[in-house]
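Text of coords.cif (mmCIF, C-alpha atoms and all ligand atoms) as supplied:
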```cif
data_coords
#
loop_
_atom_site.label_atom_id
_atom_site.label_comp_id
_atom_site.auth_asym_id
_atom_site.auth_seq_id
_atom_site.Cartn_x
_atom_site.Cartn_y
_atom_site.Cartn_z
CA MET V 150 -220.22 119.83 94.50
CA ARG V 151 -221.78 116.63 93.15
CA ILE V 152 -225.55 116.56 92.75
CA LEU V 153 -227.63 113.48 91.99
CA ALA V 154 -230.69 114.70 90.07
CA LEU V 155 -233.98 113.03 89.15
CA GLU V 156 -236.48 114.12 86.49
CA SER V 157 -239.89 112.44 86.14
CA SER V 158 -242.30 115.18 85.05
CA CYS V 159 -243.74 113.43 82.01
CA ASP V 160 -242.98 110.17 80.20
CA GLU V 161 -239.25 109.91 80.86
CA PHE V 162 -237.64 108.80 84.11
CA ALA V 163 -234.15 110.21 84.20
CA GLY V 164 -231.21 110.33 86.59
CA ALA V 165 -227.89 112.19 86.40
CA VAL V 166 -224.86 113.08 88.48
CA VAL V 167 -223.60 116.60 87.76
CA GLU V 168 -220.49 118.21 89.21
CA ASP V 169 -220.42 121.97 89.87
CA GLY V 170 -223.37 122.66 87.58
CA ARG V 171 -221.35 121.82 84.47
CA ARG V 172 -219.70 118.42 84.34
CA VAL V 173 -222.13 115.61 83.58
CA LEU V 174 -220.68 112.47 85.16
CA SER V 175 -223.69 110.38 84.11
CA SER V 176 -227.05 110.88 82.45
CA VAL V 177 -229.55 108.06 82.12
CA VAL V 178 -232.97 108.41 80.48
CA ALA V 179 -235.61 105.65 80.52
CA SER V 180 -237.95 106.56 77.68
CA GLN V 181 -241.56 105.33 77.43
CA VAL V 182 -242.08 106.06 73.74
CA ASP V 183 -243.01 102.44 72.99
CA LEU V 184 -245.49 102.29 75.85
CA HIS V 185 -247.43 105.43 74.82
CA GLY V 186 -246.88 105.15 71.06
CA ARG V 187 -249.85 102.87 70.53
CA TYR V 188 -252.18 105.45 72.14
CA GLY V 189 -250.77 108.37 70.12
CA GLY V 190 -249.95 110.37 73.25
CA VAL V 191 -248.85 110.12 76.88
CA VAL V 192 -251.29 108.24 79.16
CA PRO V 193 -250.63 109.81 82.61
CA GLU V 194 -251.64 106.80 84.70
CA LEU V 195 -249.35 104.48 82.72
CA ALA V 196 -246.47 106.97 82.86
CA GLY V 197 -246.49 107.13 86.67
CA ARG V 198 -246.68 103.36 87.03
CA GLU V 199 -243.81 102.85 84.56
CA HIS V 200 -241.71 105.39 86.50
CA LEU V 201 -242.03 103.17 89.55
CA ARG V 202 -240.54 100.30 87.54
CA SER V 203 -237.70 102.46 86.19
CA LEU V 204 -236.77 104.07 89.48
CA VAL V 205 -234.31 101.56 90.95
CA PRO V 206 -232.60 100.47 87.68
CA VAL V 207 -232.16 104.12 86.61
CA LEU V 208 -230.75 105.10 90.01
CA GLU V 209 -228.29 102.20 89.97
CA ALA V 210 -227.17 102.99 86.40
CA THR V 211 -226.83 106.70 87.25
CA LEU V 212 -224.43 106.03 90.12
CA GLU V 213 -222.56 103.28 88.29
CA GLN V 214 -221.96 105.32 85.10
CA ALA V 215 -220.76 108.23 87.21
CA GLY V 216 -218.35 105.90 89.03
CA GLN V 217 -219.81 107.16 92.31
CA ARG V 218 -221.13 105.74 95.56
CA TRP V 219 -223.52 107.64 97.81
CA GLU V 220 -220.56 108.88 99.86
CA GLY V 221 -219.51 111.01 96.87
CA ILE V 222 -222.90 112.74 96.49
CA ASP V 223 -223.42 116.14 98.20
CA ALA V 224 -227.09 116.82 97.41
CA VAL V 225 -230.17 115.39 95.72
CA ALA V 226 -232.17 117.47 93.21
CA VAL V 227 -235.55 116.80 91.67
CA THR V 228 -238.02 118.35 89.25
CA GLN V 229 -240.68 119.90 91.43
CA GLY V 230 -243.09 120.78 88.59
CA PRO V 231 -244.81 121.55 86.37
CA GLY V 232 -245.77 118.19 84.90
CA LEU V 233 -248.10 115.24 85.34
CA GLY V 234 -249.02 114.83 89.04
CA GLY V 235 -248.58 111.05 89.22
CA SER V 236 -245.29 111.20 87.32
CA LEU V 237 -243.84 114.03 89.40
CA LEU V 238 -244.74 112.31 92.67
CA VAL V 239 -242.56 109.29 91.86
CA GLY V 240 -239.43 111.41 91.42
CA ILE V 241 -240.21 113.79 94.29
CA ASN V 242 -240.93 111.00 96.78
CA ALA V 243 -237.81 109.12 95.75
CA ALA V 244 -235.63 112.23 96.01
CA LYS V 245 -237.00 113.17 99.43
CA ALA V 246 -236.57 109.63 100.75
CA LEU V 247 -233.01 109.37 99.43
CA ALA V 248 -232.05 112.79 100.80
CA TRP V 249 -233.57 111.99 104.17
CA ALA V 250 -231.92 108.57 104.40
CA ARG V 251 -228.49 109.95 103.44
CA GLY V 252 -228.79 113.19 105.43
CA LEU V 253 -228.42 115.30 102.26
CA PRO V 254 -230.18 118.49 101.16
CA CYS V 255 -233.03 118.02 98.66
CA LEU V 256 -233.16 120.77 96.03
CA PRO V 257 -236.42 121.33 94.13
CA VAL V 258 -236.02 122.59 90.55
CA HIS V 259 -238.60 124.10 88.21
CA HIS V 260 -238.71 121.99 85.04
CA ILE V 261 -238.39 124.97 82.70
CA GLU V 262 -235.57 126.48 84.72
CA GLY V 263 -233.89 123.08 84.31
CA HIS V 264 -234.32 123.19 80.52
CA LEU V 265 -232.67 126.64 80.43
CA TYR V 266 -229.71 125.51 82.56
CA ALA V 267 -228.85 122.84 79.96
CA ASN V 268 -227.09 125.83 78.36
CA TRP V 269 -224.60 125.90 81.26
CA LEU V 270 -223.58 122.23 80.94
CA GLU V 271 -220.12 121.47 79.56
CA ALA V 272 -221.41 119.85 76.35
CA ALA V 273 -223.31 123.07 75.55
CA LEU V 274 -220.43 125.38 76.56
CA GLU V 275 -217.98 123.56 74.27
CA ALA V 276 -219.29 125.33 71.17
CA HIS V 277 -218.60 128.67 72.91
CA GLY V 278 -215.04 128.19 74.06
CA GLY V 279 -216.22 127.11 77.52
CA ARG V 280 -217.68 130.56 78.26
CA PRO V 281 -221.01 130.66 80.14
CA PRO V 282 -223.85 132.78 78.70
CA SER V 283 -223.65 136.56 79.33
CA PHE V 284 -226.62 138.38 80.86
CA PRO V 285 -229.03 139.85 79.94
CA LEU V 286 -230.28 136.93 77.88
CA VAL V 287 -233.41 136.45 75.85
CA CYS V 288 -234.60 132.87 76.39
CA LEU V 289 -236.89 131.00 74.03
CA VAL V 290 -238.53 128.05 75.80
CA VAL V 291 -240.19 125.58 73.42
CA SER V 292 -241.33 122.29 74.94
CA GLY V 293 -244.36 120.03 74.85
CA GLY V 294 -246.17 122.09 77.49
CA HIS V 295 -244.54 125.55 77.27
CA THR V 296 -243.72 128.25 74.79
CA GLU V 297 -242.33 131.40 76.33
CA LEU V 298 -240.00 134.28 75.69
CA LEU V 299 -238.18 135.33 78.86
CA LEU V 300 -235.65 138.00 79.70
CA MET V 301 -233.05 136.57 82.09
CA HIS V 302 -231.27 139.34 84.02
CA GLY V 303 -229.09 137.00 86.10
CA HIS V 304 -229.17 133.56 87.70
CA GLY V 305 -232.75 132.85 88.74
CA GLN V 306 -233.94 136.33 87.67
CA PHE V 307 -236.54 136.00 84.98
CA GLU V 308 -238.99 138.43 83.43
CA ARG V 309 -241.62 137.03 81.13
CA LEU V 310 -241.89 138.85 77.82
CA GLY V 311 -244.48 136.65 76.17
CA GLN V 312 -246.04 133.21 76.05
CA THR V 313 -248.38 131.11 74.00
CA LEU V 314 -252.02 132.09 74.29
CA ASP V 315 -253.16 128.56 73.45
CA ASP V 316 -251.08 125.52 72.36
CA ALA V 317 -247.39 125.07 73.13
CA ALA V 318 -245.09 124.66 70.12
CA GLY V 319 -244.38 120.98 70.93
CA GLU V 320 -248.08 120.31 71.38
CA ALA V 321 -248.74 121.74 67.89
CA PHE V 322 -246.00 119.50 66.42
CA ASP V 323 -247.48 116.48 68.22
CA LYS V 324 -251.07 117.18 67.14
CA VAL V 325 -250.11 117.86 63.52
CA GLY V 326 -248.03 114.66 63.54
CA ARG V 327 -251.18 112.78 64.55
CA LEU V 328 -253.26 114.53 61.88
CA LEU V 329 -250.72 113.43 59.28
CA GLY V 330 -250.74 109.84 60.56
CA LEU V 331 -247.13 110.04 61.76
CA PRO V 332 -245.83 108.08 64.76
CA PHE V 333 -245.62 109.46 68.32
CA PRO V 334 -243.96 111.75 69.32
CA GLY V 335 -244.97 114.06 66.48
CA GLY V 336 -242.09 116.55 66.64
CA PRO V 337 -239.22 114.38 65.41
CA ALA V 338 -241.57 112.56 62.98
CA VAL V 339 -242.72 115.85 61.43
CA GLU V 340 -239.10 116.96 61.09
CA ARG V 341 -238.15 113.70 59.33
CA ALA V 342 -241.17 113.94 56.98
CA ALA V 343 -240.32 117.58 56.18
CA GLN V 344 -236.77 116.54 55.25
CA GLU V 345 -238.18 114.09 52.70
CA ALA V 346 -240.19 116.94 51.14
CA VAL V 347 -237.05 119.04 50.83
CA ALA V 348 -235.22 116.13 49.20
CA GLY V 349 -238.10 115.42 46.78
CA ALA V 350 -239.26 118.99 46.04
CA SER V 351 -240.59 119.22 42.48
CA ALA V 352 -239.61 121.83 39.94
CA ALA V 353 -243.28 122.11 38.89
CA GLY V 354 -244.08 124.28 41.94
CA PRO V 355 -246.03 123.49 45.11
CA SER V 356 -248.81 120.90 45.16
CA VAL V 357 -252.08 121.59 47.03
CA ALA V 358 -250.51 120.06 50.14
CA GLY V 359 -247.35 122.13 49.72
CA LYS V 360 -248.95 125.61 49.56
CA ALA V 361 -247.80 128.02 52.27
CA LEU V 362 -249.71 127.90 55.57
CA PRO V 363 -250.60 131.02 57.63
CA ARG V 364 -248.51 132.52 60.42
CA ALA V 365 -249.97 134.08 63.57
CA TRP V 366 -247.63 137.02 64.13
CA LEU V 367 -249.59 138.73 66.95
CA ALA V 368 -247.79 141.91 65.93
CA GLY V 369 -246.66 144.27 68.67
CA SER V 370 -246.49 141.54 71.33
CA ASP V 371 -244.07 138.78 72.30
CA ASP V 372 -246.94 136.30 72.62
CA PHE V 373 -247.56 133.31 70.37
CA SER V 374 -250.60 131.41 69.13
CA PHE V 375 -250.40 128.00 67.51
CA SER V 376 -253.96 126.69 67.54
CA GLY V 377 -254.76 128.39 64.19
CA ILE V 378 -251.97 126.65 62.31
CA LYS V 379 -253.22 123.32 63.60
CA THR V 380 -256.70 124.09 62.29
CA ALA V 381 -255.22 125.21 58.96
CA VAL V 382 -253.50 121.81 58.62
CA LEU V 383 -256.73 120.04 59.56
CA ASN V 384 -258.72 122.03 56.96
CA ARG V 385 -256.19 121.29 54.26
CA VAL V 386 -256.24 117.57 55.04
CA ARG V 387 -260.04 117.37 55.26
CA ASP V 388 -261.31 119.95 52.77
CA ASP V 389 -258.57 120.45 50.18
CA LEU V 390 -257.25 116.90 50.05
CA GLY V 391 -260.47 115.04 50.93
CA GLY V 392 -258.83 113.21 53.82
CA ALA V 393 -256.68 111.03 51.54
CA LEU V 394 -252.99 111.82 51.87
CA SER V 395 -250.24 110.44 49.67
CA ALA V 396 -246.75 110.10 51.16
CA ALA V 397 -245.75 113.18 49.14
CA ASP V 398 -248.72 115.15 50.60
CA VAL V 399 -247.67 114.20 54.13
CA SER V 400 -244.13 115.39 53.65
CA ALA V 401 -245.17 118.58 51.81
CA LEU V 402 -247.64 119.46 54.59
CA ALA V 403 -245.09 118.60 57.28
CA ARG V 404 -242.60 120.93 55.62
CA GLU V 405 -245.07 123.83 55.31
CA PHE V 406 -246.24 123.41 58.90
CA GLN V 407 -242.66 123.31 60.21
CA GLU V 408 -241.80 126.34 58.05
CA SER V 409 -244.67 128.32 59.58
CA MET V 410 -243.71 127.38 63.17
CA VAL V 411 -240.02 128.08 62.61
CA ASP V 412 -240.68 131.40 60.87
CA VAL V 413 -242.77 132.77 63.75
CA LEU V 414 -240.55 131.41 66.56
CA SER V 415 -237.28 132.58 65.03
CA ARG V 416 -238.41 136.05 63.93
CA LYS V 417 -240.15 136.88 67.21
CA THR V 418 -237.12 135.70 69.20
CA ALA V 419 -234.74 137.76 67.06
CA ASP V 420 -236.99 140.85 67.39
CA ALA V 421 -237.17 140.43 71.18
CA ALA V 422 -233.37 140.12 71.43
CA LEU V 423 -232.96 143.39 69.55
CA ALA V 424 -235.70 145.22 71.47
CA GLN V 425 -234.38 144.11 74.86
CA GLY V 426 -230.70 144.77 74.15
CA ALA V 427 -229.88 141.13 75.02
CA ARG V 428 -226.24 140.08 74.83
CA GLU V 429 -227.11 136.54 73.81
CA VAL V 430 -230.09 134.31 73.03
CA ILE V 431 -230.51 130.89 74.62
CA VAL V 432 -233.03 128.26 73.55
CA ALA V 433 -234.39 125.36 75.60
CA GLY V 434 -236.94 122.54 75.52
CA GLY V 435 -237.67 119.56 73.28
CA VAL V 436 -238.57 121.57 70.16
CA ALA V 437 -235.09 123.15 70.29
CA ALA V 438 -233.88 119.77 68.96
CA ASN V 439 -235.47 120.74 65.62
CA GLY V 440 -232.78 121.35 63.00
CA ALA V 441 -234.84 123.81 60.92
CA LEU V 442 -235.53 125.93 64.02
CA ARG V 443 -231.86 125.90 65.00
CA ARG V 444 -230.79 127.01 61.53
CA ALA V 445 -233.40 129.80 61.29
CA LEU V 446 -232.51 131.16 64.73
CA ALA V 447 -228.79 131.10 63.91
CA GLU V 448 -229.49 133.03 60.72
CA ARG V 449 -231.82 135.64 62.23
CA CYS V 450 -230.62 136.34 65.76
CA PRO V 451 -228.78 139.67 65.95
CA VAL V 452 -226.63 138.44 68.88
CA PRO V 453 -224.81 135.13 69.56
CA LEU V 454 -227.14 132.13 69.84
CA ARG V 455 -226.86 129.12 72.14
CA VAL V 456 -228.84 125.92 71.70
CA PRO V 457 -227.79 122.83 73.70
CA PRO V 458 -226.93 119.59 71.87
CA ALA V 459 -230.19 117.80 70.91
CA ALA V 460 -229.91 115.17 73.68
CA LEU V 461 -229.89 117.96 76.29
CA CYS V 462 -232.92 119.71 74.72
CA THR V 463 -235.39 116.91 75.41
CA ASP V 464 -236.17 115.87 78.99
CA ASN V 465 -233.16 114.69 81.00
CA ALA V 466 -231.91 114.94 84.58
CA ALA V 467 -228.52 116.54 83.84
CA MET V 468 -230.27 119.88 83.26
CA ILE V 469 -231.99 119.54 86.66
CA GLY V 470 -228.64 118.84 88.36
CA GLY V 471 -227.18 121.89 86.59
CA ALA V 472 -229.92 124.27 87.71
CA ALA V 473 -229.83 122.85 91.25
CA TYR V 474 -226.15 123.73 91.56
CA PHE V 475 -226.81 127.43 91.00
CA LYS V 476 -229.67 127.18 93.48
CA ALA V 477 -227.35 125.59 96.03
CA GLN V 478 -224.86 128.42 95.47
CA GLY V 479 -227.64 130.84 96.37
CA GLU V 480 -227.63 132.14 92.82
CA ILE V 481 -231.22 131.14 92.19
CA GLU V 482 -233.69 132.85 94.48
CA GLU V 483 -236.44 130.80 96.04
CA GLY V 484 -240.03 131.74 95.47
CA ASN V 485 -240.17 132.45 91.76
CA TRP V 486 -242.34 129.44 91.00
CA ASP V 487 -245.19 131.62 89.80
CA LEU V 488 -243.08 132.99 87.01
CA PHE V 489 -243.92 130.31 84.48
CA SER V 490 -247.34 128.95 83.66
CA THR V 491 -246.93 126.39 86.37
CA SER V 492 -249.91 124.17 86.75
CA GLY V 493 -249.11 122.31 89.91
CA ALA V 494 -245.58 123.44 90.66
CA ALA V 495 -246.46 125.17 93.90
CA VAL V 496 -248.33 122.13 95.17
CA PHE V 497 -245.20 120.04 95.49
CA SER V 498 -243.12 121.99 97.90
CA ALA V 499 -240.16 119.67 98.42
CA GLY V 500 -238.52 122.24 100.70
CA GLY V 501 -235.27 121.55 102.54
CA ARG V 502 -235.63 117.92 103.29
O1 LIG N 601 -238.97 119.33 76.70
P1 LIG N 601 -239.61 118.07 76.27
O2 LIG N 601 -238.75 116.84 76.08
O3 LIG N 601 -240.75 117.66 77.26
C1 LIG N 601 -241.58 118.65 77.83
O4 LIG N 601 -241.14 119.27 78.81
O5 LIG N 601 -242.68 118.86 77.26
O6 LIG N 601 -240.38 118.41 74.92
C2 LIG N 601 -241.14 117.45 74.26
C3 LIG N 601 -241.68 118.07 72.99
C4 LIG N 601 -242.66 117.17 72.27
O7 LIG N 601 -243.79 117.93 71.92
C5 LIG N 601 -241.87 116.73 71.05
O8 LIG N 601 -242.68 116.42 69.93
C6 LIG N 601 -241.01 117.95 70.79
O9 LIG N 601 -240.60 118.36 72.07
N1 LIG N 601 -239.82 117.63 69.96
C7 LIG N 601 -239.63 118.14 68.73
C8 LIG N 601 -238.43 117.55 68.23
N2 LIG N 601 -237.95 116.71 69.20
C9 LIG N 601 -238.82 116.78 70.26
N3 LIG N 601 -240.34 119.03 68.01
C10 LIG N 601 -239.88 119.35 66.78
N4 LIG N 601 -238.76 118.81 66.23
C11 LIG N 601 -238.00 117.92 66.91
N5 LIG N 601 -236.91 117.39 66.37
ZN ZN N 602 -239.33 119.28 79.27
#
```
Once you've parsed the file, please lay out its structure as structure tokens.
Amino acid sequence: MRILALESSCDEFAGAVVEDGRRVLSSVVASQVDLHGRYGGVVPELAGREHLRSLVPVLEATLEQAGQRWEGIDAVAVTQGPGLGGSLLVGINAAKALAWARGLPCLPVHHIEGHLYANWLEAALEAHGGRPPSFPLVCLVVSGGHTELLLMHGHGQFERLGQTLDDAAGEAFDKVGRLLGLPFPGGPAVERAAQEAVAGASAAGPSVAGKALPRAWLAGSDDFSFSGIKTAVLNRVRDDLGGALSAADVSALAREFQESMVDVLSRKTADAALAQGAREVIVAGGVAANGALRRALAERCPVPLRVPPAALCTDNAAMIGGAAYFKAQGEIEEGNWDLFSTSGAAVFSAGGR
């Protein structure tokens, strides 16, 4: 079964053709980093308008790279939510119109469910001898808007173990990146700056900027909190360093912040895997592209770990096409949209067609 999928929940407009939930025949992502970079964050109104411009070129490239014509497509899938309203509407309206015009089913996919199903795509399975993940799984979701620990009993069967009580992990990376004067988006920029600190670490011990930052463990629960670490970085910049940061301060602070995030995320995930008797751990979302997080999870998880290749961690449409396949097979039950912290997901009921 060949599914043409669209993803437009935030500042990327993406298209993909995915065969049988695994084989990615094409994956095209139109990024808006340059557009939003000058504002230091995503401007929702601009994102939606830019999606309208990207729509036709991305669709054409998606079909062309897949070597397909519409006759070869069996269904259309689209991110239903959560995300920015104006951005989501572009993808949803396009998917509904295409499905209606071609007489195809239109499959709505929850964005986070999509992120998780990146772990079933061929490029992710390669590192595991082609074997799909074995249930029950503990899932760590770390994106710009979500941070959650889930227990996945089977396809489409999720139980939430914990979530962030305030900021998402990606949001914390982005805000700290801004505090440190790094370019948008903050996550990859913080990772790069932290690498420079590792390379240039001095034998004389940590500087003021490089002293360890706190960790919010929230002991006894699977929840997270990341607003405190953000404030700790702000206080160090403003009070301890008087607002003037050298390049070495920026990289030392980036490293300590990343260390704190990675420590909490990896230890709590490993503890949950043990407590729940999970057979494997899967990770999903943009922050899963972070090398330090990947290494710490690999070291600490008591069971096999799966993290998709970095390009499948950040927003893309292949993951939506993957999740939609299992939905089309009846392996994902309808009606679990309330499971995640879904602002807006239920509003856009794409339904059949
Ligand atoms: O999943 P995603 O592409 O979009 C959402 O659904 O939110 O995640 C985007 C988030 C941003 O906060 C971005 O800064 C973060 O993922 N991110 C990273 C890295 N790459 C992307 N955070 C840390 N390290 C990275 N290498
Ligand atoms: Zn995402």
Per-residue nearest contacts chain V to ligand ZN 602 (chain N), cut-off 7 Å, using only C-alpha atoms and all ligand atoms, as a tab-separated table:
```
residue	atom	partner	partner_atom	distance
V:His260	CA	N:ZN602	ZN	6.4
V:Ile261	CA	N:ZN602	ZN	6.7
V:His264	CA	N:ZN602	ZN	6.5
V:Ser292	CA	N:ZN602	ZN	5.6
V:Gly293	CA	N:ZN602	ZN	6.7
V:Gly434	CA	N:ZN602	ZN	5.5
V:Gly435	CA	N:ZN602	ZN	6.2
V:Thr463	CA	N:ZN602	ZN	6.0
V:Asp464	CA	N:ZN602	ZN	4.7
```
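Comparing V:Phe307, V:Phe475, V:Trp249, V:Phe162 by their smallest distance to ligand LIG 601 (chain N), the closest is V:Phe162 (using only C-alpha atoms and all ligand atoms).
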Point-to-point distance in Å for CA of Leu300 (chain V) and CA of Lys379 (chain V): 28.0 Å
Non-local contacts of His295 (chain V) (9 Å; only C-alpha atoms; under 4 positions in same chain excluded) as a PyMOL selection string: chain V and resi 261+290-291+312-313+316-320+434+489-490
Distance in Å - CA of Val192 (chain V) versus CA of Gly335 (chain V):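 Atom-to-atom, CA of Val192 (chain V) and CA of Gly335 (chain V) are spaced 15.3 Å apart.
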Selection within 10 Å of ligand LIG 601 (chain N) by only C-alpha atoms and all ligand atoms, output as a VMD selection string: chain V and resid 158 to 161 190 231 to 232 260 to 261 263 to 264 290 to 296 317 to 326 333 to 341 407 410 to 411 433 to 443 459 to 465
Near-region 281-289 of chain V list (7 Å; only C-alpha atoms; drop same-chain fewer than 6 positions) as a ChimeraX atom specification: /V:269,274,297-303,418,422,427-433
Atomic separation - CA of Glu448 (chain V) relative to CA of Leu414 (chain V), Å: 12.6 Å
Residues within 9 Å of Ser400 (chain V), only C-alpha atoms, excluding chain neighbours under 2 positions, as a ChimeraX atom specification: /V:329,339,341-347,358-359,395-398,402-405
Mind working out the centre and edge lengths of an axis-aligned box for region 315-322 of chain V, all listed atoms inside, 5 Å added to each side, rounded to one decimal in Å and written as AutoDock Vina command-line options?
```
--center_x -248.8 --center_y 124.0 --center_z 69.9 --size_x 18.8 --size_y 19.1 --size_z 17.0
```
Neighbour list for Ser409 (chain V) as a ChimeraX atom specification, cut-off 7 Å, only C-alpha atoms, skip fewer than 3 positions in-chain: /V:362-364,405-406,412-413
Among listed residues V:Leu423, V:Ala365, V:Ala472, V:Leu328, nearest Gly392 (chain V) (using only C-alpha atoms):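 Using only C-alpha atoms, the shortest distance to Gly392 (chain V) belongs to V:Leu328.
Using only C-alpha atoms, the shortest contact distance between Arg198 (chain V) and any of V:Ala210, V:Cys255, V:Gln181, V:Ser236 is found at V:Ser236.
Distances from V:Pro332, V:Gly164, V:Pro254, V:Gly470 to Thr211 (chain V) were compared using only C-alpha atoms, and the smallest one belongs to V:Gly164.
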Shell around Cys450 (chain V) at 6 Å using all atoms listed in the file, local window under 3 positions removed, as a list in words: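 Selected residues are Ala419, Leu446 and Ala447 of chain V.
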Pick from V:Arg151, V:Gly330, V:Gln229, V:Ile469 nearest to Asp169 (chain V), counting all atoms listed in the file: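 Answer, going by the shortest atom-to-atom distance: V:Arg151.
Restricting the calculation to all atoms listed in the file, the smallest distance between Glu209 (chain V) and any of V:Arg187, V:Gly252, V:Val177, V:Ala196 is found for V:Val177.
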